[in-house]
Amino acid sequence: MKITVSQGKLLSRLRLVGKNIQPNKVNPELDNFLFEIRENQLLVSGCDNQSKITTPIVCTIGEIESSETVFTINAKTLLDAWKAIPEQPLTITLIFEVNRVSILAEYVNGKFEIIGGKGDSFPIIPPSAE
């Protein structure tokens with residue numbers, strides 16, 4: 001599956017969601033961004049034990065080749081990598097494997113690869129009952 005996105009738009013959304021992510025030794029899964037591909041849009045979420053922030057990211061999603069559309073990536077690692085890339089289009093290729101997701105990001109003068117997790121172990125924060 002391929003996703004094309006502006007580095008600046010992606011980084012601004014990750015920073016927004018990242019404000020809600022605090023290092024968590026009790027549940028290390030909370031150190032991650034949760035990405036979901038739903039109805040041709042990419043959603044990114046971050047949570048602590050009490051609240052969750054979710055925001056859409058404007059992008060182009062290629063043909064979805066798998067039923068798996070949820071994955072996690074360590075927030076600090078991803079933010080550090082994205083900050084080092086100047087504003088330009090990124091092409092992100094997702095390869096869903098048995099127990100992980102390989103993420104390859106390609107841009108004008110380079111590329112990098114990061115390993116993410118399946119999103120199935122990410123904690124579910126129930127919506128507030130108001």
# chains A, B, ... in the order shown; residues from 1 in each chain; ligands from 1
>>> select_by_dssp(residues="chain A", states="strand (DSSP E)", output="ChimeraX atom specification")
/A:2-6,32-38,41-47,52-57,60-61,70-74,89-96,101-107,110-118
>>> residues_around(residues="Ala84 in chain A", least_positions_apart="2", cutoff="12 Å", atoms="only C-alpha atoms", output="VMD selection string")
chain A and resid 7 to 8 11 77 to 82 86 to 88 107 110 to 112
>>> residues_around(residues="Thr55 in chain A", least_positions_apart="6", cutoff="7 Å", atoms="only C-alpha atoms", output="JSON, numbers by chain")
{"A": [43, 44, 45]}
>>> write_last_selection(atoms="N, CA and C atoms", output="PDB file, in the first residue's frame")
ATOM      1  N   LEU A  43      -5.874   8.435   9.432  1.00  0.00           N
ATOM      2  CA  LEU A  43      -6.090   9.028  10.753  1.00  0.00           C
ATOM      3  C   LEU A  43      -4.902   8.682  11.629  1.00  0.00           C
ATOM      4  N   VAL A  44      -4.465   9.646  12.449  1.00  0.00           N
ATOM      5  CA  VAL A  44      -3.405   9.381  13.413  1.00  0.00           C
ATOM      6  C   VAL A  44      -3.940   9.723  14.794  1.00  0.00           C
ATOM      7  N   SER A  45      -3.633   8.844  15.760  1.00  0.00           N
ATOM      8  CA  SER A  45      -4.097   9.026  17.140  1.00  0.00           C
ATOM      9  C   SER A  45      -2.929   8.884  18.099  1.00  0.00           C
TER      10      SER A  45
END
>>> residues_around(residues="Glu97 in chain A", least_positions_apart="2", cutoff="10 Å", atoms="only C-alpha atoms", output="ChimeraX atom specification")
/A:68,94-95,99-102,117-118
>>> closest_residue(among="A:Ile21, A:Ile85, A:Ile92, A:Val58", to="Glu113 in chain A", atoms="only C-alpha atoms")
A:Ile92
>>> closest_residue(among="A:Arg15, A:Lys83, A:Arg38, A:Lys76", to="Ile53 in chain A", atoms="only C-alpha atoms")
A:Arg15
>>> residues_around(residues="Lys52 in chain A", least_positions_apart="2", cutoff="12 Å", atoms="only C-alpha atoms", output="VMD selection string")
chain A and resid 16 to 22 30 33 to 34 44 to 50 54 to 55 122 to 128
>>> atom_distance(atom1="CA of Lys2 in chain A", atom2="CA of Asn109 in chain A")
18.5 Å
>>> atom_distance(atom1="CA of Gly119 in chain A", atom2="CA of Val70 in chain A")
5.0 Å
